[in-house]
Every structure is written in C-alpha cells, then in structure tokens.
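Note sheet for the following structure.
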There are 4 protein chains.
Amino acid sequence: MSWNTFGRLLRFTTWGESHGPALGAVVDGCPPGLAIDEGLIQPFLDARRPGTSRFTTQRQEPDAVRIQSGVFEGKTTGTPISLMIENTDQRSKDYSEVALAYRPGHADYAYDAKYGFRDYRGGGRSSARETAARVAAGGVARLVIPEVSIIAYVSEIGGDAINPAHFDPAEITRNPFFCPDPAAAARWEGLVDKARKAGSSLGAVVECVATGVPAGWGAPLYAKLDADLAAAMMGINAVKGVEIGDGFAAARLTGEQNADPMRPGDGAPAFLANHAGGIAGGISTGQPVVCRVAFKPTSSILTPMPTITRDGTATDLATKGRHDPCVGIRGVPVVEAMMALVLADHKLLHRGQCG
Amino acid sequence: MSWNTFGRLLRFTTWGESHGPALGAVVDGCPPGLAIDEGLIQPFLDARRPGTSRFTTQRQEPDAVRIQSGVFEGKTTGTPISLMIENTDQRSKDYSEVALAYRPGHADYAYDAKYGFRDYRGGGRSSARETAARVAAGGVARLVIPEVSIIAYVSEIGGDAINPAHFDPAEITRNPFFCPDPAAAARWEGLVDKARKAGSSLGAVVECVATGVPAGWGAPLYAKLDADLAAAMMGINAVKGVEIGDGFAAARLTGEQNADPMRPGDGAPAFLANHAGGIAGGISTGQPVVCRVAFKPTSSILTPMPTITRDGTATDLATKGRHDPCVGIRGVPVVEAMMALVLADHKLLHRGQCG
Amino acid sequence: MSWNTFGRLLRFTTWGESHGPALGAVVDGCPPGLAIDEGLIQPFLDARRPGTSRFTTQRQEPDAVRIQSGVFEGKTTGTPISLMIENTDQRSKDYSEVALAYRPGHADYAYDAKYGFRDYRGGGRSSARETAARVAAGGVARLVIPEVSIIAYVSEIGGDAINPAHFDPAEITRNPFFCPDPAAAARWEGLVDKARKAGSSLGAVVECVATGVPAGWGAPLYAKLDADLAAAMMGINAVKGVEIGDGFAAARLTGEQNADPMRPGDGAPAFLANHAGGIAGGISTGQPVVCRVAFKPTSSILTPMPTITRDGTATDLATKGRHDPCVGIRGVPVVEAMMALVLADHKLLHRGQCG
Amino acid sequence: MSWNTFGRLLRFTTWGESHGPALGAVVDGCPPGLAIDEGLIQPFLDARRPGTSRFTTQRQEPDAVRIQSGVFEGKTTGTPISLMIENTDQRSKDYSEVALAYRPGHADYAYDAKYGFRDYRGGGRSSARETAARVAAGGVARLVIPEVSIIAYVSEIGGDAINPAHFDPAEITRNPFFCPDPAAAARWEGLVDKARKAGSSLGAVVECVATGVPAGWGAPLYAKLDADLAAAMMGINAVKGVEIGDGFAAARLTGEQNADPMRPGDGAPAFLANHAGGIAGGISTGQPVVCRVAFKPTSSILTPMPTITRDGTATDLATKGRHDPCVGIRGVPVVEAMMALVLADHKLLHRGQCG
C-alpha cells in the first residue's frame, strides 16, 4: 500500500515524481506562533541541491521552496503548511529502453510487480528528488526544536573513512563532500572523480549528531526514539543500514566496555561515555543522539548489466543520463532533516503525555 | 508519549511489566478463518523461554500463552485476538538499591527523566519479558503468511562470527545458541560461560532470512518494507543496529559490485545476486528478505559501575539477580516474530491497495 | 478490516466476546503519576452492570475490573494499562437456531458477509458486553481530566421525553432509568415494563453534558472535537444518530436565532446562549459540551420476524434469552465513558501541539 | 492538535486557507491503474462552486483542479495524487473589525483560545473553501468504487421539508437547491431569497444515499462504517447532527417496527425495510447506505450581534461581505464526497483483511 506520511503528532506527507511539474510536502501538527518564511527553509534545500559540484548529478534545479498555507503574518498558524518545489529540469530524453527493461538494483521490477506498471521517467516516485520534500519539511521541524543542534557529515566513501582524530566541524561546509576531515576530503576528490569518469558509483556512510536533546523524549516501546529514527533513516533512498550509538560495534563489546557510567553533573548526570548514542530504553538520556547511516552505491552506472525486459527477455542495460556518482553525499541534508523531524515529533509527543 | 501498538493493518498492542501479574498482546486486523490454537503459538514462546540452559537467565517462566478472544471453533473470527501470559517467577527480592540509584546502561535514568518515577522491579516495562508478547503476536502473524518461511540465527557473539561456509540450518536448533555453525557453537560455549561466570555480558548479531515473500509487498516511501523492518528490529530491547541485505558493507561496494543482475527465470526474474536483501525501493523483489540485527551486551553486570542516585549522589552499582549473559541469544525468536509481523502486515496492505 | 483501537494520543484497544472467558481494554498513552486503583473505575462499571433492575437484561455479571499493568504503587506509570473483566454468566443455551438463521436487525448477516462465518453465541464481538471495556477505559480517561465533569442521562424513551423544566440532576441516580425528571421516570416504569412483558423493545435518547472543558481543545479539521465525538458515539452499539448542541434543530433556526452572542465575562467570554454545544469550528469554546445520542430499540424481540437461514431459506425467528427491553438505558455510562475518552485525548493533543 | 488527514488506507490530507494563494488535497493509497484526469474531478467541483446562483455566495472562483502527481499516462500510479486549486477571488477588504472582535457563532474565539492568534481573513483555515479540497479528493475516491452510486440532495431548508412522495432524482440538478421535489424548490426560492435580502441565513438538512455497496464493508468496532461516516459528516463545516438510516426517529420505534425483515433474494437477502440505513453492527448489509446531515445556518449575518473584542470589550458585530444565505445547499457535493471517501477507504480495508 502507499503510505506517504511520516510522524505521529508532527506529521508530513510528501508527493511528486522526478518528472512531474512539482513536488511537495504538507507539514501538519506544527505548533502555532513560530516565526517562519521561505528564507528559513531554503538554505537546507540549497545544501541538498543537485548540480553544485562535479561530484553530484548535473541536473540543474533551483529547488526554490514556496510556502502555500499555514502561515500568517510571518508565523505558523498551527494549520497545515504546504511546501511546494517546482521541477524545472526534467530534461526530455528517450525513456523507451528503461520503459521496456528493468534497471538492475533499481526499484523498476518491484514497482511493476506491485502496481502493474510504473512511471519510468527518471525513476518516478522512487527518484531521489523526493528527498527535497523531506528536506523542506525538515526545515519546518527545526523551528519546533530550537534547543537542538543537528549536524551530519560523510564519514566514509567507498570504504575510505575519516580520521576521527581530525574531526573539525568547520570543515564540513568547506568541501563538496560534507567531510569534517580535510585530508579525507582531499582523498575523496580523487576517489569520486575516478568513479564518475568510469560511470561507476560509490557507497558512503553518513553520521548525524543531535545535541541539546533533553532527557525524556521517546517512548519505551514501538515508538522508541531509536526505532523511529531507524524507520526515518532506512526510508531514505539507497539506505541499507542504520546504527544508533556504537551500533554493530556494540555487539563486540562486553557489558563493562559498553556501559555509560554516570557521575553527578550540573542538574543532570555527567555521563562518562556515550556508547548508547543518547538513547536508553527508547528514551533520550540528555546525551547527544548519535546515528549512522549506510548508503549503497547508486545503481545507475554506465556499465551494462544483465537484466530482463518486461516480457521476460534477457538484455543488458546501462543507465545513461545524469546521476550521482556517490548519492550518499547529498544524503547529508536528508539525514539531518529526518533527524529533525523525528526529534520535533517526539518533543510534541512527550509534551502531550507528560505535560 | 506511550505508544505500544505496532503495525498498520495487522496491528498488535502489548502490555505488562516484568513484575506484574501477567503480560500480553492484542492482535487486531487478523484475517478471519485461519486455523489457530495455543499449540500453534506456544512453540515460539518455548524457543524464547528463559531458564532452558545455563546460557540464559535462570528466571523460570512457563510462558504458557492463553488465547482469550477472537477465536471461535478453532478459527480466527477477524476480531481482536487477546493473548495472555502469566508471570509466575517474579522472585521477591530487595529492590531498594535499584530504586534509589540508576543502573548504568539501563533505561532507569531516562524513565525517571520522562515520567518522574518508574516501576523499578526487574526493569518494569522495559524488561525483556515484554518480548514474550511480541513472540506470541508473531505466532499469529505467521498464520497470515503461510507462503513465507522465516529463519533466524545468531551469526556472531562477542565478535566471534560463524563461518558462512559451514552454515547448516539443521544445526540451529541443536545448540543453545541458535547457531548454524557447529564449530562456532562449540567456541561460544566457552565464551559465554566465561562471561557468565565473570558476571559479564556479551553482544551478538542475529540474522534473519524470510523466503517465499512474493515481489510487490512494501511501499515506495515511509512505509517501505525495509523502513518498517528497521523500526521493528530497532524497537527490540538492546538492539543498536539494523542492516538490510549487505547493509553497511554495501557502503564499501561499487555500483557494479552491488548490482543484483537479472536473467529470465521461471515466472519471475532469476536474480544473480541479493545484495539488496530482497527489497528495492521499499518493495520486495521476490528474493529472500535478509536482515541483520546488532544486540548490545546487556547492561546487567556484576562489576560495580559508577552511577548516581536519584538525588544526585555518586555511587557504584552492580546488577545482582538473574540475567542473560548474552541477551542476543534469546533475541532470535523475537527477531523472527518481528519479521513475521511486518511481512504479514504488508501482505494485507498490499492486498488492500492493489487487490 | 478489524480496528479495535480508538483515540489518537490517549488510545484504548478493546477485545473480547459475549461468551469468551473475559473481555478487556488496553489504555495506552495515559499520563504518568495519576492516582489510580480499581476502586476508581469500578463504580462506572457498576452503573452499566446488567441485572440491576427488571428494566435491563437479567444476565448476572459482577463486571469486576482488574488492573493488570501500567500501575505502580498506586500511580499510573505512563505505560499501557491493561484492564480485564471476566465473563461469568455465559449461560449455556441452545444456539443452533441463531447459528443457522440471521436475526433481523442484528449484525448476523453482515458478519457472515464480511468474515464468512461468525461467533453466534450471544452476538459474539458485536454484543453490547463490549461496552463494559469502554466504560472501564473511560474510568481511566476521567483521571486525565479532573477539571471536567461529565453527566449523562436518558431524555426520552419510546418517544416520551422528559420535561426540561423539571430537570434535576440529583434524580438521575434515584431511578433505574438515569432519568433527571421524576415524573418521566414514573411514566417510563410503565412504558418499559409493558415492552418487557410483551417481549418488545424501545428506543431512547441519551444526552451528555461535559462542563469544565476549557476553550481550545479540538482541531479545525478531521480531528474536530465534534467529529471525534460523533465517531465515538456512533460507534456505540445500537446508536443511529448524534447531535452536537442544537443538532438537527439548528437546521430549523435562522442565523440570528442560532448565534451564541458573547459579553465580557470573568477571564473568558460570557456566552448568552449555547446553540453550538460548546464547540465552534471543531474547537471547544469553554461552554458546556453538549451531545445527544439516539439508541434504536434492540432487535432482540420475542415476536418472530421474517428472515432467512444461512443457506437462503425463508424462516421466522424470535430472539429468546435475556435482553434489554431498552438498551439505551444502559447506554448512559457508555456515553459518559466515550465523552471522557474523547476529551482526555484532546486535552493531550492540545498540550502536545500548543504546549 | 492539528490533524488534517482523513482515512485509514485511502487517506487524504488537505491544506490551504480562504485567502492564501491556493488550497489542495493529497490523496494517498489510491489503487494503481485507474483511469483519471482533471475532467473526471472537475464536475464535482463545479457543483460546489460558489457564485453560480443568487442563492450562494457571490465569491467568484473557477475552482479549476490541477493534478500535480500520482498519474502517469492517464492512470493512477498508486503513489500520492496531489490536487491543487488556486484561489483567485480573495477580494481585498478591510478585516480590521474582524481582526479585533470575535464573530459570534464563528470559530474566531476558539481559534484564538487554542493558537493564541488566527488568520482572520475570510475565516482562514476554517473557511468553507476548504471543502473544495474534499470535493476534489472525493472525485478520486469515486474512481475506486465504480460499483457504487452516490446521490445527495437537500431535504429541508429552514424547517420546510420536501415531500418524499414527490421525490424525483432527475429534479436534483434542475434547480439551484439540489432539491428532488420541484414544489419544495419553488417554495425555497422565496424562502432563501427573503433570508438573503434580510442578510439572514437558514439551516438545511442534506440526505445522502449510496447504492451498490456490497455487504461486508466496515468493521465491528471503532472503525464502524457508520462511525466513520459520522466523523466524516460531522467534520464538515456547519454540520451539527448526523443520522444513519432512521436516526433519531428510530429512538421512537419499537423493536418490531424497527426490524428490517429478510426474505430470500437473488444471491443476497431481500430486505423488506431499511430502517438501519444499510449498516448493521458497523458493517454494510448490501442495502442502500443512508445518511442525513444537519447544517446550521451560517453565522455570517448582517444583523449586528453582541460580542467581545480580543481585549475583552463589549461590542456588536455584523458580518459584511459575501456569504451563503444557506450554506447547506453547497454542502451537497461535500456530503457526497465524504460518503465516497469513507466507502472507498472501507472497500480497501475490507479487501486488506478479508482478501
């Protein structure tokens, strides 16, 4: 079934395809009275925007967001906020090949199996363009949680990781990779360029840290803060893995190593470690919320791969056209947006139950 | 906020604490006319049951499930199925210490921060006993998807992994570790025993494979099959990471390596690989659905760890009482249950939208 | 599809059939720290209890509620509260007739058409016994809204209405009809007795008034306070109509007559009328919330009525056994419970969005 | 809290205010492969369109709907369908009076009490213009249930009812009142004209009948077909009462009078009456689904009424500007749309659970 809404109290619903006239998000449940205008949302879209370097797809989209409802005299009214982004560069091209055959690794076959047919132009609804709507919605969510700072960055591309000892948050916006380690950024330039020229693609890992989250957001079960984050992140195109705190590494620790001991602090415990990634029993602890997300390499590559046509004939198919050599890079603003949306939702949920 | 319901069409709601009289699940939305009785659900609970070997907690619970509604003449009626499991071994012990101080790594502090107080007996609602209710609900879900076979197993304990080349599904039920590799099972015996005797604990990785899932279950966005699986698995106590298919390893592959090429098959494509873990664009492809789940070592250890009391005083706390040296082991039936619940839900969702 | 959960933040899920071992409700989302015990819930169940006068069904049920979870040291913990009520008087009788033929006016045929079969013992899931679970859940909801007083009463039986000029709230609990007008109560005694002896049944109208609801609960659209009340009330067995404020009478007024003029009051407007029933644009105004609910006569009557058997043969069927001659009477505590549940939910929703 | 989504499987979310640039609906969960274009939706909007006779508001809006997503090559794709309608006649006028004082009977005070401020231009989000979005969404819903015919009409204005003996469905579109009785339509012309000239307003009753609904749609509890209809209808602006079948009249019948006896029919029972309005136990019976909806007179009248300003001062306020003398008239297409949306949702829900 189709289900294009995310969230419980702060909910957003997205719509739109790669090659339709526009795409958008309707954000519902936003508290009233928050100062808002397009200028507070656009910077996040600009960060995600394609065509800003040679390391991302060359599709040119201004991705200018327009607020269509829910705002009066510069403040949210508490009613739904409709955000719209027009598609301007749906380059006309020949889709006859992809209409007939399934691109391996793409959702083409699964769509056909589900719906009986599909909008094959640029991936249709499964295009990464949908994430622009998430980023816009995330811009609204940030207004709901001014106490929280969210930062995401690429920590690994094609298996080449940053050196945590060289982590410098100021570096993140200084290179086209959202990379906090300048040495790694320099290496990735060659790495991604090589993949791009070969028509290949690379995977990446994105890390996200939210500081300022007070203790008490989340729920013991089925709306655990970490479970909602996992759903939020795994729902981003191309994501195949999600970790909270130490994640899979925690499975290799002992209980002693993995403990986050506490000492008296200033109004709150002073934690001596954060293996848990700021979440225990589904509820925030007041420590930074830490999440790690694995992006697969995009399946759009120039090397022809074996596949079949809709009528079951063997063929080989390469993906022509504009594509991201490393889709994880542009995933950074999307991961931040999903973090903001989950946290804002849980802030309201906590306030609803516990006052 | 509290949110103890999971699922969209096939939904279950769980209730109960470690030291209350009982716990249970209400399964709603089950199709009518399915043959059912306690005997079809009990075996899954038996697999999860504590006290069956020295490698799990010594709490003794028969975990006998009783169907209280929704069944008539041995068949589901389509109305809610109430499942109840009585707690019988809530050993009386002295909780004064844990009532006053926060166990490090546990949800104690987060609960207090959220609710202002907590049921400190045996972890209360955040006890792993809640997973018995999931396993019972999963037993119902399996009846909804007879076309699917689900198998889970432990693939790694304390960093010691199975050898995939020695994988033998028949081994899984032959050792107390749900281990498909007899050599690994032998090694783990020493490993877990050592941790148990030291009052320590170990993490583990559980893998789950569902075969027989037809292509077309899932949804493009926000109810992606993989996003729902991620939420389901991350919501299990002690889980810190979830992967679909190659997961984080996919982030280190190229697009060529990660492709799942297709060739004409018998009524469906013959895939030449399954890096995607059976899900593309949030929709099942007909390949086995593959999921990997990281369990942290339980925080209940005998070594005293620094912590604080409720009134902010420094203290050291060890967790006495009965506990699992490797909680991931008993996570196997829980992971299977969550897989069954997600798949059954998506079967109904797909039928609802697409007929 | 089956859907046995009601509410958005404060949610309850009910389960159980007329002739199963028990029935219950799981209340989720309740704020923590509220003083609670069975004694605070039982009085509402006692008010609904069958067999307390000759004007209700002679089924004898103590309807003793047991709290099974979510409470610690006499306070709600914020986790799900499981409430269970055992069935004790599922009198064994011969259901062969009703198993074969559809009782006219009952849900028998509709159930069979939907599910392919049905639990025919005492109406199964569609029995009015389910409302005991609502009343228990409503008892919890009342704890969430101590600022609100809810009172319901029967205003009409079999077309014989109370005289509003003789309205005396103290009378409501002094007669078996929840009737606030002693003269009407005296008349109804004869009316209902006559119906009872004739094996007939009568309809009724129940009114419910909630005072103390502050202005601002509700939502502009789709979760309007009145829309949620309408769903809550129309979902009670045998209900066929719901009005807010003047209801259908408002359709016969002019705009001038229907206005609720305001004058300055003490911290809030002093309304000069309450045609709106305390709700404008889906949001409470601070005036009493007024709701009116129409109960049809129960379809269980002794006069044989034309019907068909499951295999399509014509037959005549009378409903033997114990039944309410006027099911609306026992609807009073149910209407109150649903009012409490809707208001408590909206209190939390409002707090969630607007702080 | 804000909640602008309706439905369970077929869901729609609306957005937009009276005086914003546009309004719209996102319809999610629609089955794939349905033939669709704007021409299939526009006629329903045209029926609701303002300014078509002197009996409705003189605001001129083409209400041209644009499909922005979810459709490919003239067929629904199964992904969200975004429908947008531009506002073109938000006449600039002086809102200073209504910004300062609360219009009696309107939601002005309740909005301020909830949100702290409000968009006072033309009612903002609580404007009846929002119903255009419902009507557009209803146009999509109708495509999902081609087996069902839905017809609504005005049965009463200002207390003057049609004569059921003169009911002629062909008349409904022949007069500006959606009136099936030509004699009543003639009377209403004078009645509504008089109210219009006096700057007054009148209430109305709208009836809606859906034929072709198969037996088995709906659910026993909390998602009862009638409960969902009640929520759908009570959520329409200005609605104060909802009846299913005989509604409040059923409360004055005996069980014998209210029964819907059955006789063997052609593949389904032949019902001898339809007091139940086609729904028993929350599930459709195969008979026509009958619903009746009470619209209050709009509160926008020219006679000044006592009210208060935002700062609590007494004043008198008349509503100037363009308004409907009988808002119930234009409620007809809205009632039809909500009926279609509820039925389509339940068709999918039933298919999901029962196959």
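To be explicit about the labels: the chains of the structure tokens are called A, B, and onward in the order shown, and within each one the residues are counted from 1, while ligands get numbers from 1 in the order they are shown.
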I'd like the neighbourhood of Met233 (chain D) as a PDB file with C-alpha atoms, in the first residue's frame, where a residue qualifies if any of its atoms comes within 8 Å (using only C-alpha atoms), though same-chain residues fewer than 6 positions away should be ignored.
ATOM      1  CA  ALA C 227     -16.250  14.869  14.642  1.00  0.00           C
TER       2      ALA C 227
ATOM      3  CA  VAL D 239     -22.719  20.384  10.495  1.00  0.00           C
ATOM      4  CA  VAL D 242     -25.702  13.078  11.695  1.00  0.00           C
ATOM      5  CA  VAL D 293     -26.774  15.627   7.870  1.00  0.00           C
ATOM      6  CA  VAL D 335     -21.537  15.266   1.676  1.00  0.00           C
ATOM      7  CA  MET D 338     -17.219  12.404   2.166  1.00  0.00           C
TER       8      MET D 338
END
Cut-off 6 Å: closest chain C/chain A atom pairs per residue, using only C-alpha atoms, as CSV:
residue,atom,partner,partner_atom,distance
C:Pro31,CA,A:Gln353,CA,5.0
C:Leu348,CA,A:Gly352,CA,4.6
C:Leu349,CA,A:Gly352,CA,5.8
C:Arg351,CA,A:Gly352,CA,5.0
C:Gly352,CA,A:Gly352,CA,3.7
C:Gln353,CA,A:Pro31,CA,5.0
C:Cys354,CA,A:Pro31,CA,5.5
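Between CA of Ala340 (chain A) and CA of Trp217 (chain A) the separation is 13.0 Å.
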Can you pull out every residue within 8 Å of Ser200 (chain A), counting only C-alpha atoms, but drop anything in the same chain fewer than 4 positions away, and send it as a PyMOL selection string?
-> (chain A and resi 195-196+300-303+325) or (chain B and resi 254-256)
Picked from region 203-285 of chain A by DSSP as strand (DSSP E or B), as a ChimeraX atom specification | /A:204-211,218,239-244,254,262-263,270-271,279-280,283-284
Selected residues written out with C-alpha atoms, as a PDB file, in the first residue's frame:
ATOM      1  CA  ALA A 204      29.024   6.161   1.723  1.00  0.00           C
ATOM      2  CA  VAL A 205      28.351   6.388   5.426  1.00  0.00           C
ATOM      3  CA  VAL A 206      26.696   9.462   6.920  1.00  0.00           C
ATOM      4  CA  GLU A 207      26.844  10.245  10.607  1.00  0.00           C
ATOM      5  CA  CYS A 208      24.426  12.540  12.377  1.00  0.00           C
ATOM      6  CA  VAL A 209      24.685  14.021  15.853  1.00  0.00           C
ATOM      7  CA  ALA A 210      21.957  15.975  17.622  1.00  0.00           C
ATOM      8  CA  THR A 211      22.977  17.882  20.718  1.00  0.00           C
ATOM      9  CA  GLY A 218      10.876   8.912  23.174  1.00  0.00           C
ATOM     10  CA  VAL A 239      19.979   3.442   2.674  1.00  0.00           C
ATOM     11  CA  LYS A 240      20.731  -0.134   3.740  1.00  0.00           C
ATOM     12  CA  GLY A 241      21.828   0.156   7.360  1.00  0.00           C
ATOM     13  CA  VAL A 242      21.233   2.231  10.476  1.00  0.00           C
ATOM     14  CA  GLU A 243      23.128   2.318  13.746  1.00  0.00           C
ATOM     15  CA  ILE A 244      22.428   4.136  16.993  1.00  0.00           C
ATOM     16  CA  THR A 254      31.400  -6.577  26.891  1.00  0.00           C
ATOM     17  CA  MET A 262      27.401   8.402  35.333  1.00  0.00           C
ATOM     18  CA  ARG A 263      28.714  10.895  37.784  1.00  0.00           C
ATOM     19  CA  ALA A 270      27.565  13.686  33.776  1.00  0.00           C
ATOM     20  CA  PHE A 271      27.921  10.641  31.540  1.00  0.00           C
ATOM     21  CA  ILE A 279      19.082   6.753  23.858  1.00  0.00           C
ATOM     22  CA  ALA A 280      18.318   4.148  26.536  1.00  0.00           C
ATOM     23  CA  ILE A 283      14.110   7.378  25.586  1.00  0.00           C
ATOM     24  CA  SER A 284      16.674  10.146  25.250  1.00  0.00           C
TER      25      SER A 284
END
